[in-house]
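Okay, query.csv is below, CSV, C-alpha atoms:
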```
chain,number,residue,atom,x,y,z
D,1,MET,CA,-4.9,19.1,3.2
D,2,PRO,CA,-3.0,22.4,3.2
D,3,ASN,CA,0.2,22.7,1.3
D,4,ALA,CA,2.4,25.5,2.6
D,5,GLU,CA,5.0,24.6,-0.1
D,6,SER,CA,2.6,24.8,-3.1
D,7,SER,CA,4.9,27.1,-5.0
D,8,ALA,CA,7.7,24.5,-5.0
D,9,PRO,CA,7.6,21.2,-6.9
D,10,ALA,CA,6.2,18.4,-4.8
D,11,SER,CA,8.6,15.8,-3.5
D,12,ALA,CA,8.7,12.9,-1.1
D,13,ALA,CA,10.3,15.1,1.6
D,14,SER,CA,7.7,17.9,1.1
D,15,ASP,CA,4.9,15.3,1.1
D,16,LEU,CA,6.1,13.9,4.4
D,17,ARG,CA,6.3,17.3,6.0
D,18,ARG,CA,2.9,18.2,4.6
D,19,LEU,CA,1.4,14.9,6.0
D,20,ALA,CA,3.1,15.5,9.4
D,21,ALA,CA,1.6,18.9,9.6
D,22,ALA,CA,-1.9,17.7,8.6
D,23,LEU,CA,-1.8,15.0,11.3
D,24,THR,CA,-1.5,17.7,13.9
D,25,ASP,CA,-4.3,19.8,12.4
D,26,SER,CA,-8.0,19.4,13.2
D,27,ALA,CA,-9.1,19.6,9.5
D,28,PRO,CA,-10.3,16.1,8.5
D,29,MET,CA,-8.5,14.1,5.8
D,30,ASN,CA,-9.6,11.6,3.2
D,31,TRP,CA,-7.3,8.6,2.8
D,32,VAL,CA,-7.8,6.3,-0.3
D,33,ILE,CA,-6.0,3.0,0.0
D,34,THR,CA,-6.1,1.1,-3.3
D,35,GLY,CA,-4.6,-1.8,-5.2
D,36,ASP,CA,-5.4,-5.4,-6.0
D,37,SER,CA,-6.5,-8.4,-4.0
D,38,ILE,CA,-3.7,-8.0,-1.3
D,39,THR,CA,-5.1,-4.6,-0.4
D,40,HIS,CA,-8.7,-5.7,-1.0
D,41,GLY,CA,-8.0,-8.0,2.0
D,42,LEU,CA,-10.6,-10.7,1.5
D,43,VAL,CA,-10.4,-14.5,2.0
D,44,HIS,CA,-6.7,-14.7,2.8
D,45,THR,CA,-6.9,-12.9,6.1
D,46,GLN,CA,-9.4,-15.7,7.2
D,47,GLY,CA,-11.5,-13.3,9.2
D,48,GLY,CA,-8.6,-11.2,10.5
D,49,ARG,CA,-8.0,-7.6,9.7
D,50,SER,CA,-6.3,-6.4,6.5
D,51,TYR,CA,-3.6,-3.7,6.5
D,52,PRO,CA,-6.1,-1.0,5.4
D,53,GLU,CA,-8.3,-1.9,8.4
D,54,HIS,CA,-5.3,-1.6,10.7
D,55,LEU,CA,-4.5,1.8,9.3
D,56,HIS,CA,-8.1,2.8,9.9
D,57,GLU,CA,-7.8,1.8,13.6
D,58,LEU,CA,-4.5,3.8,14.0
D,59,ILE,CA,-5.9,6.9,12.4
D,60,ARG,CA,-9.5,7.1,13.5
D,61,GLY,CA,-9.0,5.2,16.7
D,62,GLU,CA,-5.7,5.8,18.3
D,63,LEU,CA,-5.0,9.2,16.8
D,64,GLU,CA,-8.6,10.0,17.5
D,65,ARG,CA,-9.0,11.6,14.0
D,66,VAL,CA,-12.6,10.5,14.0
D,67,ARG,CA,-13.7,12.8,11.1
D,68,ASP,CA,-11.0,11.4,8.8
D,69,VAL,CA,-12.3,8.9,6.2
D,70,VAL,CA,-10.1,5.9,5.5
D,71,LEU,CA,-11.4,4.2,2.3
D,72,ASN,CA,-10.3,0.9,0.7
D,73,THR,CA,-11.1,0.9,-3.1
D,74,ALA,CA,-8.9,-2.1,-4.0
D,75,VAL,CA,-10.3,-4.8,-6.3
D,76,SER,CA,-9.1,-8.3,-6.4
D,77,GLY,CA,-7.5,-9.4,-9.7
D,78,ASN,CA,-6.8,-5.8,-10.8
D,79,ARG,CA,-3.8,-4.5,-12.6
D,80,ILE,CA,-2.7,-0.9,-12.7
D,81,VAL,CA,-4.5,-0.2,-16.0
D,82,ASP,CA,-7.8,-1.3,-14.4
D,83,LEU,CA,-7.4,1.3,-11.7
D,84,LEU,CA,-6.6,4.0,-14.2
D,85,ASP,CA,-9.6,3.1,-16.3
D,86,ASP,CA,-11.9,3.4,-13.2
D,87,TRP,CA,-10.1,6.5,-11.9
D,88,ASP,CA,-13.1,8.6,-10.9
D,89,ARG,CA,-14.9,5.9,-8.9
D,90,ARG,CA,-11.8,4.5,-7.3
D,91,VAL,CA,-9.9,7.7,-6.5
D,92,ALA,CA,-10.9,11.1,-7.8
D,93,SER,CA,-14.5,11.2,-6.6
D,94,TRP,CA,-13.5,10.8,-3.0
D,95,ASN,CA,-11.5,14.1,-3.0
D,96,PRO,CA,-8.5,12.4,-1.4
D,97,ASP,CA,-5.7,14.0,0.6
D,98,VAL,CA,-3.6,10.8,0.5
D,99,VAL,CA,-3.6,8.0,-2.0
D,100,THR,CA,-1.6,4.8,-1.4
D,101,LEU,CA,-1.1,2.2,-4.1
D,102,MET,CA,0.1,-1.4,-3.8
D,103,ILE,CA,-0.3,-3.2,-7.2
D,104,GLY,CA,1.8,-5.3,-9.4
D,105,THR,CA,1.4,-8.9,-8.3
D,106,ASN,CA,-1.1,-9.4,-11.2
D,107,ASP,CA,0.8,-7.1,-13.6
D,108,ALA,CA,3.9,-9.3,-13.2
D,109,SER,CA,2.0,-12.5,-14.1
D,110,ASP,CA,2.8,-14.1,-17.5
D,111,GLY,CA,0.1,-16.8,-17.1
D,112,GLY,CA,-3.7,-16.6,-17.6
D,113,PRO,CA,-5.9,-15.0,-20.2
D,114,ARG,CA,-4.6,-11.4,-19.9
D,115,PRO,CA,-1.8,-10.0,-22.1
D,116,VAL,CA,1.7,-10.2,-20.7
D,117,ILE,CA,3.1,-6.7,-20.1
D,118,THR,CA,6.6,-5.5,-19.5
D,119,SER,CA,7.9,-3.8,-16.4
D,120,THR,CA,8.5,-0.8,-18.5
D,121,GLU,CA,4.8,-0.6,-19.5
D,122,TYR,CA,3.9,-1.1,-15.8
D,123,ALA,CA,6.3,1.7,-14.8
D,124,ALA,CA,4.7,4.1,-17.4
D,125,SER,CA,1.2,3.4,-15.8
D,126,LEU,CA,2.6,4.0,-12.3
D,127,ARG,CA,3.9,7.4,-13.5
D,128,GLU,CA,0.5,8.2,-14.9
D,129,PHE,CA,-0.9,7.3,-11.4
D,130,VAL,CA,1.5,9.7,-9.7
D,131,THR,CA,0.6,12.5,-12.2
D,132,ARG,CA,-3.1,12.1,-11.6
D,133,VAL,CA,-2.8,12.0,-7.8
D,134,ARG,CA,-0.6,15.1,-7.9
D,135,ALA,CA,-3.2,16.8,-10.1
D,136,LEU,CA,-5.8,16.2,-7.4
D,137,GLY,CA,-3.6,18.0,-4.9
D,138,ALA,CA,-3.1,14.8,-2.9
D,139,VAL,CA,-0.1,12.9,-1.6
D,140,PRO,CA,0.8,9.8,-3.6
D,141,VAL,CA,2.4,6.8,-1.8
D,142,LEU,CA,3.8,3.9,-3.8
D,143,GLN,CA,4.2,0.5,-2.2
D,144,THR,CA,6.1,-2.4,-3.8
D,145,PRO,CA,4.1,-5.6,-3.8
D,146,PRO,CA,5.3,-8.1,-1.2
D,147,ALA,CA,7.7,-10.9,-2.2
D,148,VAL,CA,6.1,-14.2,-3.2
D,149,ASP,CA,6.8,-17.9,-3.3
D,150,VAL,CA,8.1,-18.1,-6.8
D,151,CYS,CA,8.5,-21.9,-6.7
D,152,ASN,CA,4.8,-22.3,-6.3
D,153,ALA,CA,3.7,-19.3,-8.3
D,154,PRO,CA,6.1,-19.5,-11.3
D,155,GLU,CA,3.8,-17.3,-13.4
D,156,ARG,CA,4.8,-14.5,-11.0
D,157,ALA,CA,8.5,-15.0,-11.2
D,158,ARG,CA,9.0,-11.4,-12.5
D,159,ILE,CA,7.7,-9.9,-9.2
D,160,GLY,CA,11.1,-8.7,-8.2
D,161,GLU,CA,11.6,-6.9,-11.5
D,162,PHE,CA,8.2,-5.2,-11.0
D,163,ALA,CA,9.1,-4.2,-7.4
D,164,GLU,CA,12.3,-2.6,-8.8
D,165,ALA,CA,10.1,-0.7,-11.3
D,166,VAL,CA,8.1,0.8,-8.3
D,167,ARG,CA,11.4,1.8,-6.7
D,168,GLN,CA,12.6,3.5,-9.9
D,169,VAL,CA,9.4,5.3,-10.4
D,170,ALA,CA,9.3,6.5,-6.8
D,171,ALA,CA,12.8,7.8,-7.2
D,172,SER,CA,12.3,9.5,-10.5
D,173,GLU,CA,9.0,11.0,-9.6
D,174,ASP,CA,10.2,11.8,-6.0
D,175,VAL,CA,7.3,10.3,-4.1
D,176,ILE,CA,7.0,8.4,-0.9
D,177,LEU,CA,8.0,4.8,-1.2
D,178,VAL,CA,7.1,1.9,1.1
D,179,ASP,CA,9.2,-1.1,0.1
D,180,GLN,CA,7.0,-4.0,1.2
D,181,TYR,CA,8.9,-6.4,-1.1
D,182,ALA,CA,12.2,-5.8,0.7
D,183,ARG,CA,10.6,-6.0,4.1
D,184,PHE,CA,9.0,-9.4,3.3
D,185,ALA,CA,12.3,-10.7,1.9
D,186,GLU,CA,14.0,-9.5,5.0
D,187,LEU,CA,11.5,-11.2,7.3
D,188,GLY,CA,12.0,-14.4,5.3
D,189,ALA,CA,15.8,-14.1,5.7
D,190,GLY,CA,16.1,-14.0,1.9
D,191,GLY,CA,13.5,-16.7,1.4
D,192,VAL,CA,9.8,-17.0,1.7
D,193,PRO,CA,8.4,-15.6,5.0
D,194,TRP,CA,6.0,-18.6,5.4
D,195,GLY,CA,4.5,-17.3,8.6
D,196,LEU,CA,3.2,-14.2,6.7
D,197,MET,CA,1.6,-16.1,3.8
D,198,ASN,CA,-1.7,-17.7,3.2
D,199,ASP,CA,-0.8,-19.0,-0.3
D,200,PRO,CA,2.2,-18.3,-2.6
D,201,PHE,CA,1.4,-14.6,-3.1
D,202,HIS,CA,-1.4,-13.5,-0.7
D,203,PRO,CA,-0.4,-12.5,2.8
D,204,ASN,CA,-2.3,-13.9,5.8
D,205,THR,CA,-3.5,-11.9,8.8
D,206,VAL,CA,0.1,-11.8,10.2
D,207,GLY,CA,1.4,-10.7,6.8
D,208,HIS,CA,-1.2,-7.9,6.8
D,209,ALA,CA,0.1,-6.9,10.3
D,210,ALA,CA,3.6,-6.6,8.8
D,211,LEU,CA,2.3,-4.5,5.8
D,212,ALA,CA,0.4,-2.2,8.2
D,213,VAL,CA,3.5,-1.6,10.4
D,214,GLU,CA,5.7,-0.8,7.4
D,215,LEU,CA,3.1,1.6,5.8
D,216,ALA,CA,2.3,3.4,9.1
D,217,ASN,CA,6.0,3.9,10.0
D,218,ALA,CA,6.7,5.3,6.5
D,219,LEU,CA,3.8,7.8,6.9
D,220,GLY,CA,4.8,8.8,10.4
D,221,ILE,CA,1.6,7.3,11.9
D,222,ARG,CA,2.8,6.2,15.3
D,223,PRO,CA,0.3,6.9,18.0
D,224,ALA,CA,1.5,7.5,21.6
D,225,GLY,CA,-0.2,7.5,24.9
D,226,PRO,CA,-2.7,5.2,26.7
D,227,ARG,CA,-4.7,4.5,23.4
D,228,ALA,CA,-1.6,3.3,21.6
D,229,ARG,CA,-2.1,-0.5,21.7
D,230,THR,CA,-2.1,-1.5,18.1
D,231,PHE,CA,1.6,-1.2,17.2
D,232,PRO,CA,2.9,-3.5,19.9
D,233,LEU,CA,0.2,-6.0,19.0
D,234,LEU,CA,1.1,-6.0,15.3
D,235,GLU,CA,4.8,-6.1,16.0
D,236,GLY,CA,4.3,-9.0,18.4
D,237,LEU,CA,2.3,-10.9,15.8
D,238,VAL,CA,5.1,-10.6,13.3
D,239,ALA,CA,7.8,-11.4,15.7
D,240,ASN,CA,6.1,-14.5,17.0
D,241,SER,CA,5.2,-15.9,13.6
D,242,ARG,CA,7.0,-18.9,12.0
D,243,LEU,CA,8.7,-16.8,9.4
D,244,ASN,CA,11.1,-19.2,7.7
D,245,PRO,CA,11.7,-22.7,9.1
```
File written out as structure tokens:
Amino acid sequence: MPNAESSAPASAASDLRRLAAALTDSAPMNWVITGDSITHGLVHTQGGRSYPEHLHELIRGELERVRDVVLNTAVSGNRIVDLLDDWDRRVASWNPDVVTLMIGTNDASDGGPRPVITSTEYAASLREFVTRVRALGAVPVLQTPPAVDVCNAPERARIGEFAEAVRQVAASEDVILVDQYARFAELGAGGVPWGLMNDPFHPNTVGHAALAVELANALGIRPAGPRARTFPLLEGLVANSRLNP
């Protein structure tokens, strides 16, 4: 993806301009979408599409960017350190132009066999992620993990703290931020958006529709014209779900 501002430090604003220009160019792009089980998108969608699959449809279908590659390298159960340890396979080897990351739901857990980490340690790994993506010449995109049902997942009660760490890293590193945590909390009217969840911390197919809309809007992916059918469908799914009884 060409970067006309290569002499200037990269920023969220310059990345968005660069992405907007690339979306109007015929040169194909490689999109790497990565993270943990939420992005992996198995089981909890119950046969429906995950948010990376919706992004695939928007880019390669409705935008007709058929030579673009939209690749999902997320792995269920992962933390940020797992991604960094498997960097070449999960990110670098695909020569990405854009790399989006949603991870933290497992990092925030203080239950189970893995060591408990602090949000400060998590933030340091996120900064390493940004540095590595920038070194590849790609655009990094950080997403906060969505809000969870803390009452039924008490081991993940720190999720809000970890979402705030993503915001702080995005601000300090000046990268694109997609605040899925805030959006889910908004849709749940400050509580749990039940209609978006399959269990206490995995979104269902409607939750993935909400994730897709938020991500696509943030990246300026909003197809127009006769092929533009996905956005109204996804927005309708979210609007008609039983968000918070």
- prompt: Could you pull the residues within 12 Å of Asn152 in chain D, counting all atoms listed in the file, minus those fewer than 2 positions along the same chain, as a PyMOL selection string?
  reply: chain D and resi 148-150+154-157+192+199-201
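Within 8 Å of Val166 in chain D, once only C-alpha atoms are used and residues closer than 2 positions along the same chain are dropped, the contacting residues are Ala123, Leu126, Leu142, Gln143, Thr144, Phe162, Ala163, Glu164, Gln168, Val169 and Ala170 of chain D.
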task: Please check which residues have atoms at most 8 Å from (7.9, -6.5, 5.8) in the file's coordinates, counting only C-alpha atoms, and write them as a ChimeraX atom specification.
output: /D:146,179-187,207,210-211,214
- request: Please provide the set of residues having any atom within 8 Å of Arg90 in chain D, restricted to all atoms listed in the file, with same-chain residues fewer than 3 positions apart removed, written as a PyMOL selection string.
  value: chain D and resi 34+73-74+83+86-87+93-94
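Considering all atoms listed in the file, the residue among D:Arg67, D:Arg158, D:Asp88, D:Glu57 positioned nearest to Asn106 in chain D is D:Arg158.
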- prompt: Between D:Ile221, D:Ile33, D:Ala209, D:Met1, which has the minimum distance to Val238 in chain D (counting only C-alpha atoms)?
  reply: D:Ala209
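For the choices D:Val141, D:Leu215, D:Leu19, D:Ala153, the atom-to-atom distance to Pro52 in chain D is smallest for D:Leu215 when using all atoms listed in the file.
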Within 10 Å of file point (-8.5, -1.0, -0.8), counting all atoms listed in the file, expressed as a compact mmCIF listing (two decimals) with C-alpha atoms, in the frame of the given file:
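Writing the result to point-v7.txt gives the following:
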```
# COMPACT_ATOMS: atom_id res chain seq x y z
CA VAL D 32 -7.80 6.30 -0.30
CA ILE D 33 -6.00 3.00 0.00
CA THR D 34 -6.10 1.10 -3.30
CA GLY D 35 -4.60 -1.80 -5.20
CA ASP D 36 -5.40 -5.40 -6.00
CA SER D 37 -6.50 -8.40 -4.00
CA ILE D 38 -3.70 -8.00 -1.30
CA THR D 39 -5.10 -4.60 -0.40
CA HIS D 40 -8.70 -5.70 -1.00
CA GLY D 41 -8.00 -8.00 2.00
CA SER D 50 -6.30 -6.40 6.50
CA TYR D 51 -3.60 -3.70 6.50
CA PRO D 52 -6.10 -1.00 5.40
CA GLU D 53 -8.30 -1.90 8.40
CA VAL D 70 -10.10 5.90 5.50
CA LEU D 71 -11.40 4.20 2.30
CA ASN D 72 -10.30 0.90 0.70
CA THR D 73 -11.10 0.90 -3.10
CA ALA D 74 -8.90 -2.10 -4.00
CA VAL D 75 -10.30 -4.80 -6.30
CA SER D 76 -9.10 -8.30 -6.40
CA ARG D 90 -11.80 4.50 -7.30
CA THR D 100 -1.60 4.80 -1.40
CA LEU D 101 -1.10 2.20 -4.10
CA MET D 102 0.10 -1.40 -3.80
```
- request: Can you work out the spacing between CA of Ala27 in chain D and CA of Leu219 in chain D in Å, to one decimal?
  value: 17.7 Å
query: Between CA of Glu121 in chain D and CA of Asp97 in chain D, what is the spacing in Å?
result: 27.0 Å
query: Interatomic distance between CA of Ala20 in chain D and CA of Leu233 in chain D?
result: 23.7 Å
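By chain and then residue number, the residues within 10 Å of range 7-18 of chain D are Met1, Pro2, Asn3, Ala22, Leu23, Val98, Arg134, Gly137, Ala138, Val139, Pro140, Val141, Ala170, Ala171, Glu173, Asp174, Val175, Ile176, Leu177, Ala218, Leu219 and Gly220 of chain D, counting all atoms listed in the file and disregarding those fewer than 4 positions away in sequence.
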Write to file, as a compact mmCIF listing (two decimals), in the frame of the given file, the residues of the selection just made, with C-alpha atoms.
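The resulting file, part_29.txt, is reproduced below:
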```
# COMPACT_ATOMS: atom_id res chain seq x y z
CA MET D 1 -4.90 19.10 3.20
CA PRO D 2 -3.00 22.40 3.20
CA ASN D 3 0.20 22.70 1.30
CA ALA D 22 -1.90 17.70 8.60
CA LEU D 23 -1.80 15.00 11.30
CA VAL D 98 -3.60 10.80 0.50
CA ARG D 134 -0.60 15.10 -7.90
CA GLY D 137 -3.60 18.00 -4.90
CA ALA D 138 -3.10 14.80 -2.90
CA VAL D 139 -0.10 12.90 -1.60
CA PRO D 140 0.80 9.80 -3.60
CA VAL D 141 2.40 6.80 -1.80
CA ALA D 170 9.30 6.50 -6.80
CA ALA D 171 12.80 7.80 -7.20
CA GLU D 173 9.00 11.00 -9.60
CA ASP D 174 10.20 11.80 -6.00
CA VAL D 175 7.30 10.30 -4.10
CA ILE D 176 7.00 8.40 -0.90
CA LEU D 177 8.00 4.80 -1.20
CA ALA D 218 6.70 5.30 6.50
CA LEU D 219 3.80 7.80 6.90
CA GLY D 220 4.80 8.80 10.40
```
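Of the residues under consideration (D:Ala21, D:Met197, D:Met29, D:Leu136), D:Leu136 shows the shortest atom-to-atom contact distance to Val91 in chain D when counting all atoms listed in the file.
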